[in-house]
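*Asks:* The following file, final_28.csv, comprises CSV, C-alpha atoms and all ligand atoms:
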chain,number,residue,atom,x,y,z
C,18,MET,CA,32.9,-35.2,14.1
C,19,SER,CA,36.5,-35.6,15.4
C,20,GLY,CA,39.0,-32.9,14.4
C,21,ILE,CA,42.7,-33.0,13.8
C,22,LEU,CA,43.5,-32.1,17.4
C,23,ASP,CA,41.8,-35.2,18.6
C,24,LYS,CA,44.7,-37.1,17.1
C,25,PHE,CA,46.9,-35.6,19.8
C,26,ARG,CA,44.6,-36.7,22.7
C,27,LEU,CA,45.6,-39.6,25.0
C,28,ASP,CA,42.1,-40.2,26.4
C,29,GLY,CA,41.8,-43.4,28.4
C,30,LYS,CA,45.6,-44.2,28.1
C,31,VAL,CA,47.8,-45.5,31.0
C,32,ALA,CA,51.2,-43.9,30.8
C,33,TRP,CA,54.3,-45.1,32.7
C,34,VAL,CA,57.2,-42.6,32.8
C,35,THR,CA,60.3,-43.9,34.5
C,36,GLY,CA,62.2,-41.7,36.9
C,37,ALA,CA,59.5,-39.1,36.9
C,38,SER,CA,59.5,-37.6,40.4
C,39,TYR,CA,60.9,-34.4,38.9
C,40,GLY,CA,62.8,-33.1,35.9
C,41,LEU,CA,61.8,-34.0,32.4
C,42,GLY,CA,59.9,-37.1,33.5
C,43,LEU,CA,57.5,-35.0,35.6
C,44,ALA,CA,57.0,-32.6,32.6
C,45,TYR,CA,56.2,-35.5,30.2
C,46,ALA,CA,53.7,-37.0,32.7
C,47,THR,CA,52.1,-33.7,33.4
C,48,ALA,CA,51.6,-33.1,29.6
C,49,PHE,CA,50.2,-36.6,29.2
C,50,ALA,CA,47.6,-36.0,31.9
C,51,GLU,CA,46.6,-32.7,30.3
C,52,ALA,CA,46.2,-34.6,27.0
C,53,GLY,CA,43.7,-37.0,28.7
C,54,ALA,CA,45.7,-39.9,30.0
C,55,ARG,CA,43.5,-41.7,32.6
C,56,LYS,CA,46.4,-42.8,34.8
C,57,ILE,CA,50.1,-41.8,35.3
C,58,ILE,CA,52.5,-44.4,36.6
C,59,PHE,CA,55.9,-43.3,37.7
C,60,ASN,CA,58.8,-44.9,39.6
C,61,ASP,CA,62.0,-43.8,41.4
C,62,ILE,CA,64.7,-45.5,43.3
C,63,ASN,CA,63.6,-44.7,46.8
C,64,GLN,CA,60.4,-43.9,48.8
C,65,GLU,CA,61.6,-40.3,49.5
C,66,LEU,CA,61.7,-39.5,45.8
C,67,VAL,CA,58.4,-41.3,45.2
C,68,ASP,CA,56.8,-39.3,47.9
C,69,ARG,CA,58.3,-36.1,46.4
C,70,GLY,CA,56.8,-37.1,43.1
C,71,LEU,CA,53.3,-38.0,44.6
C,72,LYS,CA,53.3,-34.5,46.2
C,73,ALA,CA,54.2,-32.9,42.8
C,74,TYR,CA,51.4,-34.8,41.0
C,75,ARG,CA,48.9,-34.0,43.7
C,76,GLU,CA,49.7,-30.3,43.4
C,77,ARG,CA,48.9,-30.7,39.7
C,78,ASN,CA,45.7,-32.6,40.4
C,79,ILE,CA,47.1,-35.6,38.4
C,80,ASP,CA,46.0,-39.1,39.2
C,81,ALA,CA,49.4,-40.8,39.6
C,82,ASP,CA,50.6,-44.0,41.2
C,83,GLY,CA,54.2,-44.1,42.4
C,84,TYR,CA,56.4,-47.1,42.8
C,85,VAL,CA,59.8,-47.7,44.3
C,86,CYS,CA,61.5,-49.4,41.4
C,87,ASP,CA,65.0,-49.4,40.1
C,88,VAL,CA,64.8,-49.7,36.3
C,89,THR,CA,67.9,-51.9,36.3
C,90,ASN,CA,66.2,-54.4,38.6
C,91,GLU,CA,64.2,-56.8,36.4
C,92,GLU,CA,62.3,-58.3,39.3
C,93,GLN,CA,61.1,-54.9,40.5
C,94,VAL,CA,60.2,-53.8,37.0
C,95,GLN,CA,58.2,-57.0,36.3
C,96,LYS,CA,56.3,-56.5,39.6
C,97,LEU,CA,55.4,-53.0,38.7
C,98,VAL,CA,54.1,-54.0,35.3
C,99,GLU,CA,52.1,-56.9,36.8
C,100,ASP,CA,50.6,-54.6,39.5
C,101,VAL,CA,49.7,-51.9,36.9
C,102,THR,CA,48.2,-54.6,34.6
C,103,LYS,CA,46.1,-56.0,37.4
C,104,LYS,CA,44.8,-52.6,38.5
C,105,TYR,CA,44.4,-50.8,35.2
C,106,GLY,CA,44.6,-53.4,32.4
C,107,GLY,CA,48.1,-52.6,31.2
C,108,ILE,CA,50.4,-49.9,30.0
C,109,ASP,CA,49.7,-48.1,26.8
C,110,ILE,CA,52.6,-45.6,26.8
C,111,LEU,CA,56.1,-46.2,28.2
C,112,VAL,CA,58.7,-43.4,28.5
C,113,ASN,CA,62.2,-44.7,29.3
C,114,ASN,CA,63.1,-41.4,31.0
C,115,ALA,CA,65.2,-42.5,34.0
C,116,GLY,CA,68.8,-41.7,33.6
C,117,ILE,CA,72.0,-40.7,35.2
C,118,ILE,CA,75.2,-39.1,34.0
C,119,LYS,CA,78.8,-39.1,35.4
C,120,ARG,CA,81.1,-36.4,34.1
C,121,ILE,CA,84.5,-38.0,34.5
C,122,PRO,CA,87.4,-38.0,32.0
C,123,MET,CA,87.3,-41.5,30.4
C,124,ILE,CA,90.8,-42.6,31.5
C,125,GLU,CA,89.9,-41.6,35.1
C,126,MET,CA,86.5,-43.4,35.0
C,127,SER,CA,86.3,-46.7,36.9
C,128,LYS,CA,84.7,-49.7,35.2
C,129,GLN,CA,82.1,-49.6,38.1
C,130,GLN,CA,81.2,-46.0,37.2
C,131,TRP,CA,81.0,-46.9,33.5
C,132,ASP,CA,78.8,-50.0,34.3
C,133,GLN,CA,76.5,-47.9,36.4
C,134,VAL,CA,75.8,-45.4,33.7
C,135,ILE,CA,75.3,-48.1,31.0
C,136,SER,CA,73.1,-50.0,33.4
C,137,VAL,CA,70.6,-47.2,34.1
C,138,ASP,CA,70.7,-45.4,30.7
C,139,LEU,CA,70.8,-48.4,28.3
C,140,THR,CA,70.0,-51.6,30.2
C,141,GLY,CA,67.1,-49.9,32.1
C,142,PRO,CA,65.2,-49.1,28.9
C,143,PHE,CA,65.8,-52.7,27.6
C,144,VAL,CA,64.4,-54.1,30.9
C,145,CYS,CA,61.4,-51.8,31.0
C,146,SER,CA,60.6,-52.2,27.3
C,147,LYS,CA,60.9,-56.0,27.5
C,148,ALA,CA,58.5,-56.0,30.4
C,149,VAL,CA,55.7,-54.0,28.6
C,150,LEU,CA,56.1,-55.3,25.0
C,151,PRO,CA,54.2,-58.6,25.5
C,152,GLN,CA,51.0,-56.8,26.5
C,153,MET,CA,51.4,-54.3,23.8
C,154,ILE,CA,51.8,-57.2,21.3
C,155,LYS,CA,48.6,-58.8,22.7
C,156,LYS,CA,46.7,-55.5,22.3
C,157,ASN,CA,48.3,-54.8,18.9
C,158,SER,CA,49.0,-51.3,20.1
C,159,GLY,CA,51.7,-49.5,22.1
C,160,LYS,CA,54.0,-46.4,22.3
C,161,ILE,CA,57.6,-46.5,23.6
C,162,ILE,CA,59.5,-43.3,23.9
C,163,ASN,CA,63.2,-43.4,24.8
C,164,ALA,CA,65.1,-40.4,26.4
C,165,CYS,CA,67.9,-39.9,23.9
C,166,SER,CA,70.2,-36.9,23.9
C,167,MET,CA,72.6,-34.7,21.9
C,168,MET,CA,75.0,-37.4,23.0
C,169,SER,CA,73.1,-39.9,20.9
C,170,GLU,CA,74.9,-38.0,18.0
C,171,LEU,CA,77.8,-36.1,19.5
C,172,GLY,CA,80.6,-36.8,21.9
C,173,ARG,CA,82.2,-34.4,24.4
C,174,GLU,CA,84.8,-34.5,27.1
C,175,THR,CA,84.0,-36.4,30.3
C,176,VAL,CA,80.7,-38.1,29.2
C,177,SER,CA,82.0,-41.3,27.5
C,178,ALA,CA,79.7,-43.7,29.3
C,179,TYR,CA,76.7,-41.5,28.9
C,180,ALA,CA,77.3,-40.9,25.2
C,181,ALA,CA,77.9,-44.7,24.6
C,182,ALA,CA,74.6,-45.4,26.4
C,183,LYS,CA,72.6,-42.7,24.6
C,184,GLY,CA,74.1,-43.8,21.2
C,185,GLY,CA,73.1,-47.4,22.1
C,186,LEU,CA,69.6,-46.2,23.1
C,187,LYS,CA,69.2,-44.6,19.6
C,188,MET,CA,69.9,-48.0,18.1
C,189,LEU,CA,67.7,-49.9,20.6
C,190,THR,CA,64.9,-47.5,19.5
C,191,LYS,CA,65.4,-48.5,15.9
C,192,ASN,CA,65.5,-52.2,16.8
C,193,ILE,CA,62.3,-52.2,18.8
C,194,CYS,CA,60.7,-50.4,15.8
C,195,SER,CA,62.1,-53.1,13.5
C,196,GLU,CA,61.1,-56.1,15.6
C,197,TYR,CA,57.7,-55.0,16.9
C,198,GLY,CA,56.4,-52.4,14.4
C,199,LYS,CA,54.2,-55.2,12.9
C,200,TYR,CA,52.2,-55.1,16.1
C,201,ASN,CA,51.2,-51.5,15.7
C,202,ILE,CA,53.9,-50.5,18.3
C,203,GLN,CA,55.8,-47.3,17.7
C,204,CYS,CA,59.2,-46.8,19.4
C,205,ASN,CA,60.7,-43.4,18.9
C,206,GLY,CA,63.3,-41.3,20.7
C,207,ILE,CA,63.0,-37.8,22.1
C,208,GLY,CA,66.4,-36.0,21.8
C,209,PRO,CA,66.4,-32.9,24.1
C,210,GLY,CA,69.2,-30.4,23.7
C,211,TYR,CA,70.5,-28.7,26.9
C,212,ILE,CA,67.5,-28.4,29.2
C,213,ALA,CA,67.4,-26.7,32.6
C,214,THR,CA,66.9,-29.5,35.1
C,215,PRO,CA,68.7,-30.8,38.2
C,216,GLN,CA,70.9,-33.0,35.9
C,217,THR,CA,72.3,-29.9,34.2
C,218,ALA,CA,72.4,-27.6,37.1
C,219,PRO,CA,76.1,-28.0,37.7
C,220,LEU,CA,76.7,-26.8,34.1
C,221,ARG,CA,74.8,-23.5,34.8
C,222,GLU,CA,76.1,-22.5,38.2
C,223,LYS,CA,77.3,-18.9,38.4
C,224,GLN,CA,81.0,-18.6,39.1
C,225,PRO,CA,82.2,-17.2,42.5
C,226,ASP,CA,82.6,-13.7,40.9
C,227,GLY,CA,79.0,-13.9,39.6
C,228,SER,CA,80.0,-14.5,36.0
C,229,MET,CA,78.4,-17.1,33.7
C,230,HIS,CA,79.6,-20.7,34.0
C,231,PRO,CA,82.0,-21.4,31.1
C,232,PHE,CA,79.8,-24.3,30.0
C,233,ASP,CA,76.7,-22.1,30.1
C,234,ARG,CA,78.5,-19.6,27.8
C,235,PHE,CA,79.6,-22.4,25.6
C,236,ILE,CA,76.1,-23.9,25.2
C,237,ARG,CA,74.4,-20.6,24.6
C,238,SER,CA,77.0,-19.9,21.8
C,239,LYS,CA,76.1,-23.3,20.3
C,240,THR,CA,72.4,-22.7,20.4
C,241,PRO,CA,70.8,-20.4,17.9
C,242,ALA,CA,68.2,-19.4,20.5
C,243,GLU,CA,71.1,-18.5,22.9
C,244,ARG,CA,69.1,-20.1,25.7
C,245,TRP,CA,68.7,-23.4,27.7
C,246,GLY,CA,65.6,-25.3,27.0
C,247,GLU,CA,62.9,-25.4,29.7
C,248,THR,CA,61.0,-28.6,30.5
C,249,GLU,CA,57.9,-27.0,29.0
C,250,ASP,CA,59.6,-26.9,25.6
C,251,LEU,CA,59.5,-30.7,25.4
C,252,GLU,CA,55.9,-31.3,26.4
C,253,GLY,CA,54.3,-31.0,23.0
C,254,LEU,CA,56.7,-33.4,21.3
C,255,ALA,CA,56.2,-35.9,24.1
C,256,VAL,CA,52.5,-35.8,23.7
C,257,PHE,CA,52.8,-36.1,19.9
C,258,LEU,CA,55.0,-39.2,20.1
C,259,ALA,CA,52.6,-40.7,22.6
C,260,SER,CA,49.5,-40.0,20.6
C,261,PRO,CA,47.8,-41.5,17.5
C,262,ALA,CA,49.1,-38.4,15.6
C,263,SER,CA,52.5,-40.2,15.3
C,264,ASP,CA,51.2,-43.7,14.5
C,265,PHE,CA,53.2,-43.8,11.2
C,266,ILE,CA,56.4,-42.5,12.8
C,267,ASN,CA,58.7,-45.3,14.0
C,268,GLY,CA,62.3,-45.8,14.8
C,269,GLN,CA,63.1,-42.0,14.7
C,270,VAL,CA,64.9,-39.8,17.2
C,271,VAL,CA,63.3,-36.4,17.1
C,272,TYR,CA,65.7,-33.8,18.3
C,273,ILE,CA,64.4,-30.8,20.2
C,274,ASP,CA,67.5,-28.8,20.8
C,275,GLY,CA,66.9,-25.2,19.9
C,276,GLY,CA,69.0,-25.8,16.7
C,277,ILE,CA,72.3,-27.1,18.3
C,278,LEU,CA,72.7,-29.9,15.8
C,279,ALA,CA,72.2,-27.6,12.8
C,280,TYR,CA,74.6,-24.8,13.9
C,281,ILE,CA,78.4,-24.6,13.9
C,282,GLY,CA,78.2,-22.1,16.8
C,283,GLN,CA,79.4,-18.6,17.4
C,284,ASP,CA,82.6,-17.6,19.2
C,285,PRO,CA,81.7,-17.9,22.9
C,286,SER,CA,83.8,-14.8,23.7
C,287,GLN,CA,81.4,-12.8,21.4
C,288,LEU,CA,78.4,-13.7,23.5
C,289,ASP,CA,76.9,-10.6,25.1
C,290,GLU,CA,76.5,-11.8,28.7
C,291,SER,CA,74.6,-8.7,29.7
C,292,LYS,CA,71.6,-10.1,27.8
C,293,PHE,CA,71.3,-12.9,30.3
C,294,LYS,CA,72.5,-11.4,33.5
C,295,ASP,CA,69.0,-11.2,35.0
C,296,GLU,CA,67.8,-14.5,33.5
C,297,VAL,CA,66.7,-17.2,35.9
C,298,THR,CA,65.4,-20.5,34.5
C,299,LYS,CA,62.1,-21.9,35.9
C,300,GLU,CA,64.1,-24.9,37.1
C,301,ASP,CA,66.5,-22.7,39.1
C,302,VAL,CA,63.5,-20.8,40.6
C,303,LYS,CA,62.1,-24.2,41.7
C,304,VAL,CA,65.4,-25.3,43.2
C,305,ASN,CA,65.9,-21.9,44.9
C,306,ASP,CA,62.3,-22.2,46.4
C,307,GLN,CA,62.9,-25.6,47.9
Z,401,LIG,P1,67.3,-35.9,36.3
Z,401,LIG,O1,66.8,-34.5,36.7
Z,401,LIG,O2,68.6,-36.4,36.8
Z,401,LIG,O3,66.1,-37.0,36.6
Z,401,LIG,C1,66.4,-38.3,36.3
Z,401,LIG,C2,65.4,-39.1,37.1
Z,401,LIG,O4,65.7,-40.5,37.0
Z,401,LIG,C3,65.5,-38.8,38.6
Z,401,LIG,O5,64.3,-38.9,39.3
Z,401,LIG,C4,66.4,-40.0,39.1
Z,401,LIG,O6,66.3,-40.3,40.4
Z,401,LIG,C5,65.8,-41.1,38.2
Z,401,LIG,N1,66.6,-42.3,38.2
Z,401,LIG,C6,68.0,-42.4,38.2
Z,401,LIG,N2,68.4,-43.7,38.2
Z,401,LIG,C7,67.3,-44.4,38.3
Z,401,LIG,C8,67.0,-45.8,38.4
Z,401,LIG,N3,68.0,-46.7,38.4
Z,401,LIG,N4,65.7,-46.3,38.4
Z,401,LIG,C9,64.7,-45.4,38.4
Z,401,LIG,N5,64.9,-44.0,38.4
Z,401,LIG,C10,66.1,-43.6,38.3
Z,401,LIG,O7,67.3,-35.9,34.7
Z,401,LIG,P2,66.6,-35.1,33.6
Z,401,LIG,O8,67.4,-33.9,33.3
Z,401,LIG,O9,65.1,-34.9,34.0
Z,401,LIG,O10,66.6,-36.1,32.4
Z,401,LIG,C11,65.7,-37.1,32.2
Z,401,LIG,C12,66.2,-38.0,31.1
Z,401,LIG,O11,66.4,-37.2,29.9
Z,401,LIG,C13,67.5,-38.7,31.3
Z,401,LIG,O12,67.5,-39.9,30.7
Z,401,LIG,C14,68.5,-37.7,30.7
Z,401,LIG,O13,69.7,-38.4,30.3
Z,401,LIG,C15,67.7,-37.3,29.5
Z,401,LIG,N6,68.2,-36.0,28.9
Z,401,LIG,C16,68.3,-34.9,29.7
Z,401,LIG,C17,68.7,-33.7,29.2
Z,401,LIG,C18,68.8,-32.4,29.9
Z,401,LIG,O14,69.4,-31.4,29.4
Z,401,LIG,N7,68.3,-32.3,31.1
Z,401,LIG,C19,68.9,-33.6,27.8
Z,401,LIG,C20,68.8,-34.8,27.0
Z,401,LIG,C21,68.5,-36.0,27.6
Z,401,LIG,P3,67.6,-39.8,41.3
Z,401,LIG,O15,67.2,-38.5,41.8
Z,401,LIG,O16,67.7,-40.8,42.4
Z,401,LIG,O17,68.8,-39.8,40.5
Z,402,LIG,C1,76.3,-32.8,29.5
Z,402,LIG,C2,74.9,-32.7,29.7
Z,402,LIG,C3,74.2,-33.4,28.5
Z,402,LIG,C4,72.7,-33.2,28.6
Z,402,LIG,C5,72.0,-33.8,27.5
Z,402,LIG,C6,72.2,-33.1,26.2
Z,402,LIG,O1,77.0,-33.0,30.5
Z,402,LIG,O2,76.8,-32.7,28.4
Z,402,LIG,O3,74.4,-33.3,30.9
Z,402,LIG,O4,74.5,-34.7,28.4
Z,402,LIG,O5,72.2,-33.8,29.8
Z,402,LIG,O6,72.1,-35.2,27.4
Z,402,LIG,O7,71.3,-33.6,25.2
Would you mind giving the structure from this file in structure tokens?
Ligand code: NAP
Ligand code: GCO
*Replies:*
Amino acid sequence: MSGILDKFRLDGKVAWVTGASYGLGLAYATAFAEAGARKIIFNDINQELVDRGLKAYRERNIDADGYVCDVTNEEQVQKLVEDVTKKYGGIDILVNNAGIIKRIPMIEMSKQQWDQVISVDLTGPFVCSKAVLPQMIKKNSGKIINACSMMSELGRETVSAYAAAKGGLKMLTKNICSEYGKYNIQCNGIGPGYIATPQTAPLREKQPDGSMHPFDRFIRSKTPAERWGETEDLEGLAVFLASPASDFINGQVVYIDGGILAYIGQDPSQLDESKFKDEVTKEDVKVNDQ
């Protein structure tokens, strides 16, 4: 007799996580494999990154296929989906994870820089979702998970293009739910807070005098847990949104932020830095080991 935990299993599923050579995408894919996914598909924008990803998956004994594919390139995306469909019968779970950020004051940002961020972070999920939806409709089943962000809800200096893209991605999530929910397709967003990955490494770098980065201090004062998230913190939610356990959840963005969105924050100057002086995040250990 199947128990409640079976609802969280991904047995037999094919999962495609975009931009998953490292970072959050690698964490999601690893969790999917542990939950029973029979094949992990990932892509990145060059062979070097794909090879880095294949090494990471091999080290984890995960059966993964890597593709050189730019999520903004419709032809490359279509080819990836056709190839995966031919080999494995289709894609059951798509995570639109690939993303970039440019931290530039808006009036100094060029249109080309703006367009690049919007293209990867918003148009990419449109291109990839459009490519997989027809087969999900045919199977009357599918899961799409979009990598949203605190910036789907909040703005901050220097991230105008990123926030616009992530806000748009929240609405694309709701629209895919609205348009395709009738085919037993669930499209939800995962909304991480501030997580220790290469993307946020510049915001955590120690100052020349060894003190905490001002942004590190700021984020810890805005987070009740007073810490950055680790990729492991997101694995359970990713599996949940990819599994039958979430079949009646659709069009939602689930925030996994340590409480940032609920908390007005404490005075950063009151933060006791001595509590964190010896702290090194798992991501920083990995980067230091490379
Ligand atoms: P990351 O470390 O920068 O990894 C992003 C991955 O996407 C990289 O492998 C990157 O390759 C790839 N990528 C970039 N452009 C691509 C394209 N056009 N086509 C295919 N792959 C592409 O980012 P992360 O921290 O793991 O974040 C993953 C996702 O979660 C992003 O969408 C991010 O916005 C979102 N997110 C992150 C946080 C956080 O705190 N880290 C919080 C909320 C949301 P390259 O190395 O070539 O760039
Ligand atoms: C930034 C950070 C954030 C995080 C994440 C927060 O510069 O503010 O990079 O954007 O990456 O999106 O949820």
*Asks:* Provide the CA of Phe232 in chain C to CA of Gly246 in chain C distance in Å, to one decimal place.
*Replies:* 14.5 Å
*Asks:* Report as a PyMOL selection string which protein, DNA and RNA residues come within 7 Å of ligand LIG 401 (chain Z), using all atoms listed in the file.
*Replies:* chain C and resi 35-42+60-62+66+86-89+114-118+137-138+164-167+208-217
*Asks:* Rounded to one decimal in Å, what is the spacing between CA of Thr248 in chain C and CA of Asp80 in chain C?
*Replies:*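 Rounded to one decimal, the two atoms are 20.3 Å apart.
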*Asks:* Could you tell me how far CA of Pro231 in chain C sits from CA of Ala180 in chain C, in Å to one decimal place?
*Replies:*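 These two atoms are separated by 20.9 Å.
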*Asks:* Considering all atoms listed in the file, return as a PDB file with C-alpha atoms, keeping the file's coordinate frame whatever protein or nucleic-acid residues lie within 9 Å of Phe49 in chain C, sequence-local ones (same chain, fewer than 6 positions apart) excluded.
*Replies:*
ATOM      1  CA  ARG C  26      44.600 -36.700  22.700  1.00  0.00           C
ATOM      2  CA  LEU C  27      45.600 -39.600  25.000  1.00  0.00           C
ATOM      3  CA  LYS C  30      45.600 -44.200  28.100  1.00  0.00           C
ATOM      4  CA  ALA C  32      51.200 -43.900  30.800  1.00  0.00           C
ATOM      5  CA  ILE C  57      50.100 -41.800  35.300  1.00  0.00           C
ATOM      6  CA  GLU C 252      55.900 -31.300  26.400  1.00  0.00           C
ATOM      7  CA  ALA C 255      56.200 -35.900  24.100  1.00  0.00           C
ATOM      8  CA  VAL C 256      52.500 -35.800  23.700  1.00  0.00           C
ATOM      9  CA  ALA C 259      52.600 -40.700  22.600  1.00  0.00           C
TER      10      ALA C 259
END
*Asks:* Excluding same-chain residues fewer than 2 positions from range 188-192 of chain C, what lies within 9 Å of it counting only C-alpha atoms, as a ChimeraX atom specification?
*Replies:* /C:139,142-143,161-163,183-186,194-197,204-206,267-270
*Asks:* Mind dumping the selected residues with C-alpha atoms as a short mmCIF file (atom, residue, chain, number, x, y, z; two decimals), in the frame of the given file?
*Replies:*
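Just written: result-v8.cif:
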data_model
loop_
_atom_site.label_atom_id
_atom_site.label_comp_id
_atom_site.auth_asym_id
_atom_site.auth_seq_id
_atom_site.Cartn_x
_atom_site.Cartn_y
_atom_site.Cartn_z
CA LEU C 139 70.80 -48.40 28.30
CA PRO C 142 65.20 -49.10 28.90
CA PHE C 143 65.80 -52.70 27.60
CA ILE C 161 57.60 -46.50 23.60
CA ILE C 162 59.50 -43.30 23.90
CA ASN C 163 63.20 -43.40 24.80
CA LYS C 183 72.60 -42.70 24.60
CA GLY C 184 74.10 -43.80 21.20
CA GLY C 185 73.10 -47.40 22.10
CA LEU C 186 69.60 -46.20 23.10
CA CYS C 194 60.70 -50.40 15.80
CA SER C 195 62.10 -53.10 13.50
CA GLU C 196 61.10 -56.10 15.60
CA TYR C 197 57.70 -55.00 16.90
CA CYS C 204 59.20 -46.80 19.40
CA ASN C 205 60.70 -43.40 18.90
CA GLY C 206 63.30 -41.30 20.70
CA ASN C 267 58.70 -45.30 14.00
CA GLY C 268 62.30 -45.80 14.80
CA GLN C 269 63.10 -42.00 14.70
CA VAL C 270 64.90 -39.80 17.20
#
*Asks:* For each of C:Glu76, C:Asp82, C:Glu249, C:Glu170, take the minimum atom-to-atom distance to Tyr272 in chain C, counting all atoms listed in the file, then give the residue where this is smallest.
*Replies:*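 Nearest candidate to Tyr272 in chain C out of C:Glu76, C:Asp82, C:Glu249, C:Glu170: C:Glu170.
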*Asks:* Name the residues within 10 Å of (47.8, -33.2, 17.2), counting all atoms listed in the file in the file's coordinates, and put them as a PyMOL selection string.
*Replies:* chain C and resi 20-26+253-254+256-258+260-263
*Asks:* As a list in words, please: the residues near Val98 in chain C (cut-off 10 Å, all atoms listed in the file, same-chain neighbours under 2 positions excluded).
*Replies:*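 Residues meeting the cut-off are Trp33, Ile58, Gln93, Val94, Gln95, Lys96, Asp100, Val101, Thr102, Lys103, Lys104, Gly106, Gly107, Ile108, Cys145, Ala148, Val149 and Gln152 of chain C.
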*Asks:* Considering only C-alpha atoms, can you say which of C:Ser291, C:Tyr179, C:Val31, C:Met153 comes closest to Trp131 in chain C?
*Replies:* C:Tyr179
*Asks:* I need the residue nearest ligand LIG 402 (chain Z) from this list: C:Glu174, C:Glu222, C:Asp295, C:Glu290. Use all atoms listed in the file for the distance.
*Replies:* C:Glu174
*Asks:* When you count all atoms listed in the file, which of these residues is closest to ligand LIG 402 (chain Z): C:Ala181, C:Ala46, C:Leu97, C:Ile154?
*Replies:*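 Checking each of C:Ala181, C:Ala46, C:Leu97, C:Ile154 against ligand LIG 402 (chain Z), counting all atoms listed in the file, the winner is C:Ala181.
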*Asks:* Within 10 Å of Met123 in chain C, counting only C-alpha atoms, which residues qualify if same-chain residues fewer than 4 places away don't, as a list in words?
*Replies:* Ser127, Lys128, Trp131, Glu174, Thr175, Val176, Ser177 and Ala178 of chain C
*Asks:* When distances are computed from all atoms listed in the file, which of C:Val112, C:Ala182, C:Met168, C:Ile202 shows the smallest separation from Lys156 in chain C?
*Replies:*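 The shortest atom-to-atom distance to Lys156 in chain C comes from C:Ile202.
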*Asks:* Around range 150-164 of chain C, fit a box with edges along x, y and z, padding it by 5 Å on each side, then list its centre and edge lengths in Å to one decimal as AutoDock Vina command-line options.
*Replies:*
--center_x 55.9 --center_y -49.6 --center_z 22.7 --size_x 28.4 --size_y 28.4 --size_z 17.6
*Asks:* Of the candidates C:Leu220, C:Leu288, C:Ile281, C:Val85, which one gets nearest to ligand LIG 402 (chain Z) if we count all atoms listed in the file?
*Replies:*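 The answer is C:Leu220, which sits nearest to ligand LIG 402 (chain Z).
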